[in-house]
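Text of query.cif, listed as mmCIF, C-alpha atoms and all ligand atoms:
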```cif
data_coords
loop_
_atom_site.label_atom_id
_atom_site.label_comp_id
_atom_site.auth_asym_id
_atom_site.auth_seq_id
_atom_site.Cartn_x
_atom_site.Cartn_y
_atom_site.Cartn_z
CA MET A 48 111.03 -35.93 64.02
CA THR A 49 111.59 -33.32 61.31
CA ASN A 50 114.03 -30.48 61.70
CA PRO A 51 112.59 -27.05 60.78
CA LEU A 52 116.03 -26.18 59.32
CA ASP A 53 115.02 -28.09 56.16
CA SER A 54 112.33 -25.52 55.45
CA THR A 55 114.19 -22.44 56.71
CA GLN A 56 117.99 -22.02 56.59
CA TYR A 57 118.73 -25.27 54.74
CA THR A 58 116.21 -25.57 51.91
CA LEU A 59 117.76 -27.26 48.87
CA THR A 60 117.85 -23.92 47.07
CA SER A 61 119.64 -22.09 49.87
CA ILE A 62 122.16 -24.93 50.46
CA LEU A 63 123.16 -24.79 46.79
CA LYS A 64 123.47 -20.99 46.95
CA TYR A 65 125.69 -21.21 50.06
CA GLU A 66 127.80 -23.85 48.30
CA ARG A 67 128.60 -21.33 45.55
CA ILE A 68 130.29 -19.20 48.21
CA TYR A 69 131.90 -21.83 50.44
CA GLY A 70 133.00 -24.21 47.69
CA HIS A 71 132.09 -27.71 46.46
CA ASN A 72 130.51 -29.83 49.26
CA PHE A 73 131.07 -27.20 51.99
CA ILE A 74 128.80 -24.92 54.04
CA SER A 75 131.30 -23.44 56.48
CA PRO A 76 133.88 -20.62 56.55
CA GLY A 77 136.93 -21.21 54.41
CA GLY A 78 135.59 -24.38 52.73
CA LEU A 79 138.28 -26.89 51.74
CA GLU A 80 141.15 -24.50 52.48
CA SER A 81 140.31 -24.04 56.17
CA THR A 82 139.45 -27.75 56.43
CA ARG A 83 142.92 -28.71 55.18
CA GLU A 84 144.56 -26.44 57.75
CA MET A 85 142.49 -27.74 60.67
CA VAL A 86 142.65 -31.40 59.76
CA SER A 87 146.44 -31.24 59.38
CA ARG A 88 146.55 -30.53 63.13
CA LEU A 89 144.48 -33.54 64.20
CA GLY A 90 147.03 -36.36 63.91
CA LEU A 91 144.76 -38.61 61.82
CA ARG A 92 146.03 -42.10 60.99
CA PRO A 93 144.57 -44.79 58.69
CA GLY A 94 141.80 -46.81 60.30
CA MET A 95 140.85 -44.18 62.90
CA ARG A 96 137.12 -43.67 63.40
CA VAL A 97 135.76 -40.13 63.10
CA LEU A 98 132.29 -38.80 63.94
CA ASP A 99 131.41 -35.65 61.97
CA VAL A 100 128.58 -33.82 63.76
CA GLY A 101 126.46 -31.74 61.39
CA SER A 102 128.33 -33.19 58.42
CA GLY A 103 126.38 -31.16 55.85
CA MET A 104 127.14 -32.11 52.25
CA GLY A 105 130.11 -34.19 53.36
CA GLY A 106 133.09 -32.14 52.16
CA ALA A 107 135.18 -32.69 55.30
CA ALA A 108 134.22 -36.37 55.59
CA PHE A 109 135.31 -37.00 51.98
CA TYR A 110 138.55 -35.07 52.46
CA MET A 111 139.51 -36.90 55.68
CA ALA A 112 138.69 -40.35 54.27
CA GLN A 113 140.50 -39.72 50.97
CA THR A 114 143.57 -38.07 52.44
CA PHE A 115 144.10 -39.96 55.71
CA GLY A 116 142.34 -43.31 55.18
CA VAL A 117 140.07 -42.80 58.19
CA GLN A 118 136.47 -44.05 58.57
CA VAL A 119 133.99 -41.17 58.88
CA HIS A 120 130.40 -41.34 60.08
CA GLY A 121 128.46 -38.11 59.49
CA VAL A 122 125.30 -37.26 61.41
CA ASP A 123 123.16 -34.38 60.24
CA PHE A 124 119.73 -33.13 61.32
CA SER A 125 118.76 -31.89 57.85
CA ARG A 126 117.30 -34.36 55.35
CA ASN A 127 118.32 -32.05 52.51
CA MET A 128 121.95 -32.12 53.64
CA VAL A 129 121.99 -35.92 54.05
CA THR A 130 120.35 -36.45 50.65
CA LEU A 131 122.96 -34.25 48.97
CA ALA A 132 125.83 -35.87 50.92
CA GLU A 133 124.73 -39.35 49.89
CA ALA A 134 124.45 -38.30 46.25
CA ARG A 135 127.94 -36.74 46.35
CA LEU A 136 129.31 -39.90 48.02
CA GLN A 137 128.12 -41.96 45.05
CA GLU A 138 130.42 -39.91 42.80
CA LEU A 139 133.49 -40.94 44.85
CA ALA A 140 135.21 -44.31 45.15
CA LEU A 141 135.12 -44.39 48.94
CA GLY A 142 133.23 -47.66 49.48
CA THR A 143 132.02 -47.83 53.06
CA ARG A 144 134.74 -45.56 54.43
CA VAL A 145 132.18 -42.74 54.68
CA THR A 146 128.60 -43.16 55.93
CA PHE A 147 125.87 -40.62 56.66
CA ALA A 148 122.81 -40.73 58.88
CA TYR A 149 119.95 -38.34 59.38
CA GLY A 150 119.34 -37.42 63.00
CA ASP A 151 119.69 -35.06 65.93
CA ILE A 152 123.07 -35.59 67.61
CA LEU A 153 121.29 -34.99 70.94
CA GLU A 154 119.32 -38.20 70.33
CA SER A 155 122.38 -40.29 69.39
CA ASP A 156 123.67 -43.13 71.53
CA PHE A 157 127.36 -43.69 70.73
CA HIS A 158 129.58 -45.21 73.41
CA GLU A 159 133.39 -45.05 73.23
CA ALA A 160 133.21 -45.54 69.47
CA PHE A 161 135.33 -42.75 67.97
CA ASP A 162 138.94 -41.55 68.01
CA LEU A 163 137.88 -38.07 66.89
CA VAL A 164 134.65 -36.12 67.12
CA TYR A 165 134.81 -33.36 64.52
CA SER A 166 132.30 -30.61 63.85
CA ARG A 167 132.25 -27.47 61.75
CA ASP A 168 129.91 -24.63 62.57
CA ALA A 169 126.99 -26.80 63.63
CA PHE A 170 126.85 -26.34 67.41
CA LEU A 171 125.39 -22.84 67.00
CA HIS A 172 122.12 -24.64 66.19
CA ILE A 173 122.18 -26.65 69.43
CA HIS A 174 121.04 -24.92 72.62
CA ASP A 175 121.63 -27.57 75.27
CA LYS A 176 125.45 -27.42 75.24
CA PRO A 177 125.99 -29.37 78.51
CA ARG A 178 123.96 -32.27 77.06
CA LEU A 179 125.76 -31.99 73.71
CA PHE A 180 129.21 -32.19 75.32
CA HIS A 181 128.11 -35.05 77.58
CA ILE A 182 126.98 -37.01 74.48
CA LEU A 183 130.21 -36.26 72.59
CA TYR A 184 132.35 -37.17 75.61
CA ARG A 185 130.54 -40.52 75.83
CA ALA A 186 130.98 -41.09 72.07
CA LEU A 187 134.77 -40.81 72.32
CA LYS A 188 137.20 -43.57 73.20
CA ALA A 189 139.57 -42.84 76.10
CA GLN A 190 142.25 -40.40 74.85
CA GLY A 191 139.94 -39.51 71.98
CA GLN A 192 139.92 -35.97 70.66
CA LEU A 193 137.17 -33.40 70.12
CA PHE A 194 137.73 -30.67 67.54
CA PHE A 195 135.14 -28.16 66.41
CA THR A 196 134.75 -24.66 65.07
CA ASP A 197 131.75 -22.44 65.67
CA TYR A 198 130.38 -18.96 65.31
CA CYS A 199 130.96 -17.11 68.57
CA ARG A 200 129.84 -13.87 70.18
CA GLY A 201 132.12 -11.14 71.45
CA ASP A 202 132.73 -10.39 75.14
CA GLY A 203 130.67 -7.19 75.19
CA GLU A 204 126.93 -6.63 75.47
CA MET A 205 125.00 -7.84 72.41
CA SER A 206 123.45 -4.98 70.40
CA GLU A 207 119.74 -5.06 69.58
CA ALA A 208 120.55 -5.80 65.93
CA PHE A 209 122.84 -8.70 66.85
CA ARG A 210 120.26 -10.09 69.28
CA ALA A 211 117.62 -9.93 66.54
CA TYR A 212 119.89 -11.79 64.09
CA VAL A 213 120.68 -14.52 66.64
CA ALA A 214 117.00 -14.90 67.56
CA GLU A 215 115.85 -14.97 63.94
CA ARG A 216 118.36 -17.75 63.15
CA GLY A 217 117.62 -19.59 66.39
CA TYR A 218 121.34 -19.64 67.24
CA ASP A 219 122.94 -20.20 70.64
CA LEU A 220 126.31 -18.43 70.64
CA HIS A 221 129.11 -18.38 73.21
CA THR A 222 132.36 -16.48 73.59
CA PRO A 223 135.50 -18.57 72.87
CA ARG A 224 136.36 -18.44 76.59
CA GLY A 225 132.82 -19.47 77.54
CA TYR A 226 133.03 -22.47 75.22
CA GLY A 227 136.36 -23.46 76.79
CA ASN A 228 134.73 -23.41 80.25
CA LEU A 229 131.83 -25.57 79.06
CA LEU A 230 134.30 -28.16 77.71
CA ALA A 231 136.19 -28.28 81.01
CA GLN A 232 132.90 -28.63 82.92
CA ALA A 233 131.99 -31.60 80.70
CA GLY A 234 135.17 -33.40 81.85
CA PHE A 235 137.43 -32.72 78.86
CA THR A 236 141.13 -32.02 79.44
CA ASP A 237 143.79 -30.29 77.32
CA VAL A 238 141.16 -27.74 76.33
CA VAL A 239 142.34 -25.14 73.83
CA ALA A 240 139.97 -22.35 72.79
CA GLU A 241 141.38 -20.26 69.95
CA ASP A 242 139.69 -16.98 69.11
CA LYS A 243 139.74 -16.87 65.29
CA SER A 244 137.52 -13.80 64.91
CA LYS A 245 140.15 -11.84 62.97
CA ALA A 246 140.72 -14.71 60.52
CA PHE A 247 136.93 -14.99 60.20
CA GLY A 248 136.78 -11.36 59.03
CA GLU A 249 139.42 -12.07 56.38
CA ILE A 250 137.56 -15.17 55.17
CA LEU A 251 134.27 -13.23 55.04
CA ARG A 252 135.95 -10.58 52.87
CA GLN A 253 137.29 -13.24 50.44
CA GLU A 254 133.90 -14.97 50.31
CA LEU A 255 132.08 -11.69 49.71
CA ALA A 256 134.32 -11.03 46.72
CA ARG A 257 133.17 -14.38 45.26
CA VAL A 258 129.41 -13.74 45.52
CA PRO A 259 128.18 -13.66 41.91
CA GLU A 260 126.53 -10.44 40.70
CA GLU A 261 123.17 -12.11 40.18
CA ALA A 262 119.75 -11.03 41.42
CA SER A 263 119.21 -14.42 43.09
CA MET A 264 122.40 -13.95 45.15
CA MET A 265 121.63 -10.42 46.43
CA ALA A 266 120.18 -11.61 49.77
CA ILE A 267 123.31 -13.69 50.36
CA ARG A 268 125.52 -10.69 49.49
CA ARG A 269 123.62 -8.57 52.01
CA SER A 270 123.89 -11.21 54.71
CA TRP A 271 127.69 -11.45 54.16
CA GLU A 272 128.01 -7.65 54.34
CA GLU A 273 126.07 -7.68 57.61
CA LYS A 274 128.22 -10.51 59.05
CA LEU A 275 131.35 -8.59 58.10
CA ALA A 276 130.04 -5.41 59.80
CA ARG A 277 129.14 -7.37 62.98
CA ASN A 278 132.59 -8.96 62.91
CA ALA A 279 134.26 -5.53 62.55
CA ARG A 280 132.25 -4.28 65.58
CA GLY A 281 133.55 -7.24 67.62
CA GLU A 282 130.08 -8.77 67.95
CA GLN A 283 130.28 -11.83 65.72
CA GLY A 284 133.40 -13.95 65.98
CA TRP A 285 134.62 -17.46 65.36
CA GLY A 286 136.44 -20.03 67.48
CA TRP A 287 138.44 -23.23 66.99
CA PHE A 288 138.37 -25.70 69.87
CA TRP A 289 140.40 -28.74 70.86
CA ALA A 290 139.77 -31.02 73.83
CA ARG A 291 140.64 -34.54 74.91
CA LYS A 292 138.77 -37.24 76.82
CA PRO A 293 141.13 -38.40 79.57
C1 LIG B 1 126.63 -24.52 58.73
S1 LIG B 1 126.19 -26.16 58.38
C2 LIG B 1 127.82 -26.92 58.33
C3 LIG B 1 127.84 -28.20 57.52
C4 LIG B 1 129.20 -28.88 57.45
N1 LIG B 1 129.75 -29.12 58.77
C5 LIG B 1 130.18 -28.10 56.64
O1 LIG B 1 131.21 -27.68 57.19
O2 LIG B 1 129.96 -27.92 55.44
C6 LIG B 1 125.57 -26.76 59.96
C7 LIG B 1 125.02 -28.18 59.90
O3 LIG B 1 124.67 -28.64 61.22
C8 LIG B 1 123.51 -29.45 61.10
N2 LIG B 1 122.84 -29.57 62.41
C9 LIG B 1 122.16 -28.61 63.06
N3 LIG B 1 121.66 -29.10 64.22
C10 LIG B 1 122.06 -30.39 64.30
C11 LIG B 1 121.84 -31.43 65.27
N4 LIG B 1 121.12 -31.22 66.37
N5 LIG B 1 122.37 -32.67 65.02
C12 LIG B 1 123.10 -32.88 63.89
N6 LIG B 1 123.32 -31.93 62.94
C13 LIG B 1 122.81 -30.71 63.15
C14 LIG B 1 122.70 -28.69 60.06
O4 LIG B 1 121.65 -29.48 59.52
C15 LIG B 1 123.77 -28.31 59.05
O5 LIG B 1 123.96 -29.28 58.07
#
```
Step by step, read the file and then write its structure as structure tokens.
Ligand SMILES: C[S@@+](CC[C@H](N)C(=O)[O-])C[C@H]1O[C@@H](n2cnc3c(N)ncnc32)[C@H](O)[C@@H]1O
Amino acid sequence: MTNPLDSTQYTLTSILKYERIYGHNFISPGGLESTREMVSRLGLRPGMRVLDVGSGMGGAAFYMAQTFGVQVHGVDFSRNMVTLAEARLQELALGTRVTFAYGDILESDFHEAFDLVYSRDAFLHIHDKPRLFHILYRALKAQGQLFFTDYCRGDGEMSEAFRAYVAERGYDLHTPRGYGNLLAQAGFTDVVAEDKSKAFGEILRQELARVPEEASMMAIRRSWEEKLARNARGEQGWGWFWARKP
């Protein structure tokens, strides 16, 4: 099955444009800097097995394997992303410590295989959240940890403009509290849902300042300005989430 994202949001051209904003090998807010901060809170130890859901170009997988000596398996439902990630992997001396596979996480069949399931800003593309969390719960070993970040929506009514943006992108967004409830319903314990919407606004401002003044980057500039305005209105936020399989 082919994912339409390869011909819409994640064409090769648009991935490489996004990378100019997020930084080398990253397509998520804060790039390597936010990754360092999050990963430092995950208690990684050499030999642990990590599943990176929606691993993109592999920036986080490379960082975790290089810095903590963990094994990372990335799954991504964009052939363009997986092709780029595999090419970038060749440039690094990581042997088999990092692997990538093309596929829809909803079709995966992992059983008690991972110490950590990690995901950055990928779940917004996945509508069936109960099924997603069931699959991730099953993929974890007992006492295993789930950590992810995702775009969120605010508590208030969605404006017409915000609705149109979400529909055009095909996103499924939740409030941080709503996400926390879904995790608890899936059987996770020690659920922490952190509303990072304010930090998201600061990151968006820094990223906007980095958008090159080139005609080819004007659409990206506009989309960052719009995200920032939605964030300021309390419509578009961001959350960080921790949960444990008992
Ligand atoms: C915003 S990008 C983030 C990429 C990467 N996590 C990063 O931080 O750079 C979201 C990624 O999720 C992937 N994705 C979307 N739906 C997916 C699914 N059902 N299964 C696996 N990956 C998916 C997309 O192809 C894309 O690479």
Identify, on the basis of all atoms listed in the file, every residue whose closest approach to Gly281 in chain A does not exceed 9 Å; exclude the query and any residue fewer than 2 positions from it along the same chain; express the result as a list in words.
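After dropping sequence-adjacent residues, the list is Arg200, Gly201, Asp202, Gly203, Ser244, Ala276, Arg277, Asn278, Ala279, Gln283 and Gly284 of chain A.
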Go ahead and write the selection's residues with C-alpha atoms as a PDB file, keeping the file's coordinate frame.
```
ATOM      1  CA  ARG A 200     129.840 -13.870  70.180  1.00  0.00           C
ATOM      2  CA  GLY A 201     132.120 -11.140  71.450  1.00  0.00           C
ATOM      3  CA  ASP A 202     132.730 -10.390  75.140  1.00  0.00           C
ATOM      4  CA  GLY A 203     130.670  -7.190  75.190  1.00  0.00           C
ATOM      5  CA  SER A 244     137.520 -13.800  64.910  1.00  0.00           C
ATOM      6  CA  ALA A 276     130.040  -5.410  59.800  1.00  0.00           C
ATOM      7  CA  ARG A 277     129.140  -7.370  62.980  1.00  0.00           C
ATOM      8  CA  ASN A 278     132.590  -8.960  62.910  1.00  0.00           C
ATOM      9  CA  ALA A 279     134.260  -5.530  62.550  1.00  0.00           C
ATOM     10  CA  GLN A 283     130.280 -11.830  65.720  1.00  0.00           C
ATOM     11  CA  GLY A 284     133.400 -13.950  65.980  1.00  0.00           C
TER      12      GLY A 284
END
```
_Could you list the protein, DNA and RNA residues that have any atom within 6 Å of ligand LIG 1 (chain B), counting all atoms listed in the file, and write them as a list in words?_
Phe73, Ile74, Ser75, Val100, Gly101, Ser102, Gly103, Met104, Val122, Asp123, Phe124, Ser125, Met128, Gly150, Asp151, Ile152, Leu153, Ser166, Arg167, Asp168, Ala169, His172 and Ile173 of chain A
One decimal place gives the CA of His120 in chain A-CA of Leu251 in chain A separation as 28.8 Å
_When you count only C-alpha atoms, which of these residues is closest to Phe180 in chain A: A:Ala107, A:Glu207, A:Gly116, A:Lys292?_
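Ranking A:Ala107, A:Glu207, A:Gly116, A:Lys292 by distance to Phe180 in chain A, first place goes to A:Lys292.
Proximity ranking of A:Lys188, A:His181, A:Arg280, A:Arg257 relative to Lys245 in chain A places A:Arg280 first, based on all atoms listed in the file.
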Nearby residues (all atoms listed in the file) at most 9 Å from range 145-148 of chain A, same-chain spacing under 5 positions excluded, as a ChimeraX atom specification:
/A:102,105,108-109,112,117-124,129,132-133,136
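Distances here use all atoms listed in the file; by that measure, the residue among A:Ala290, A:His174, A:Gly78, A:Met205 closest to Ile250 in chain A is A:Gly78.
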One residue among A:Val213, A:Leu52, A:Leu79, A:Ala231 is nearest to Arg291 in chain A when using all atoms listed in the file, and that residue is A:Ala231
Compile the contact shell of Val258 in chain A as a short mmCIF file (atom, residue, chain, number, x, y, z; two decimals) with C-alpha atoms, keeping the file's coordinate frame: residues with an atom at most 8 Å away, counting all atoms listed in the file, same-chain residues fewer than 5 positions apart removed.
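Written file, out_39.cif:
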```
data_model
loop_
_atom_site.label_atom_id
_atom_site.label_comp_id
_atom_site.auth_asym_id
_atom_site.auth_seq_id
_atom_site.Cartn_x
_atom_site.Cartn_y
_atom_site.Cartn_z
CA ARG A 67 128.60 -21.33 45.55
CA ILE A 68 130.29 -19.20 48.21
CA MET A 264 122.40 -13.95 45.15
CA ILE A 267 123.31 -13.69 50.36
CA ARG A 268 125.52 -10.69 49.49
#
```
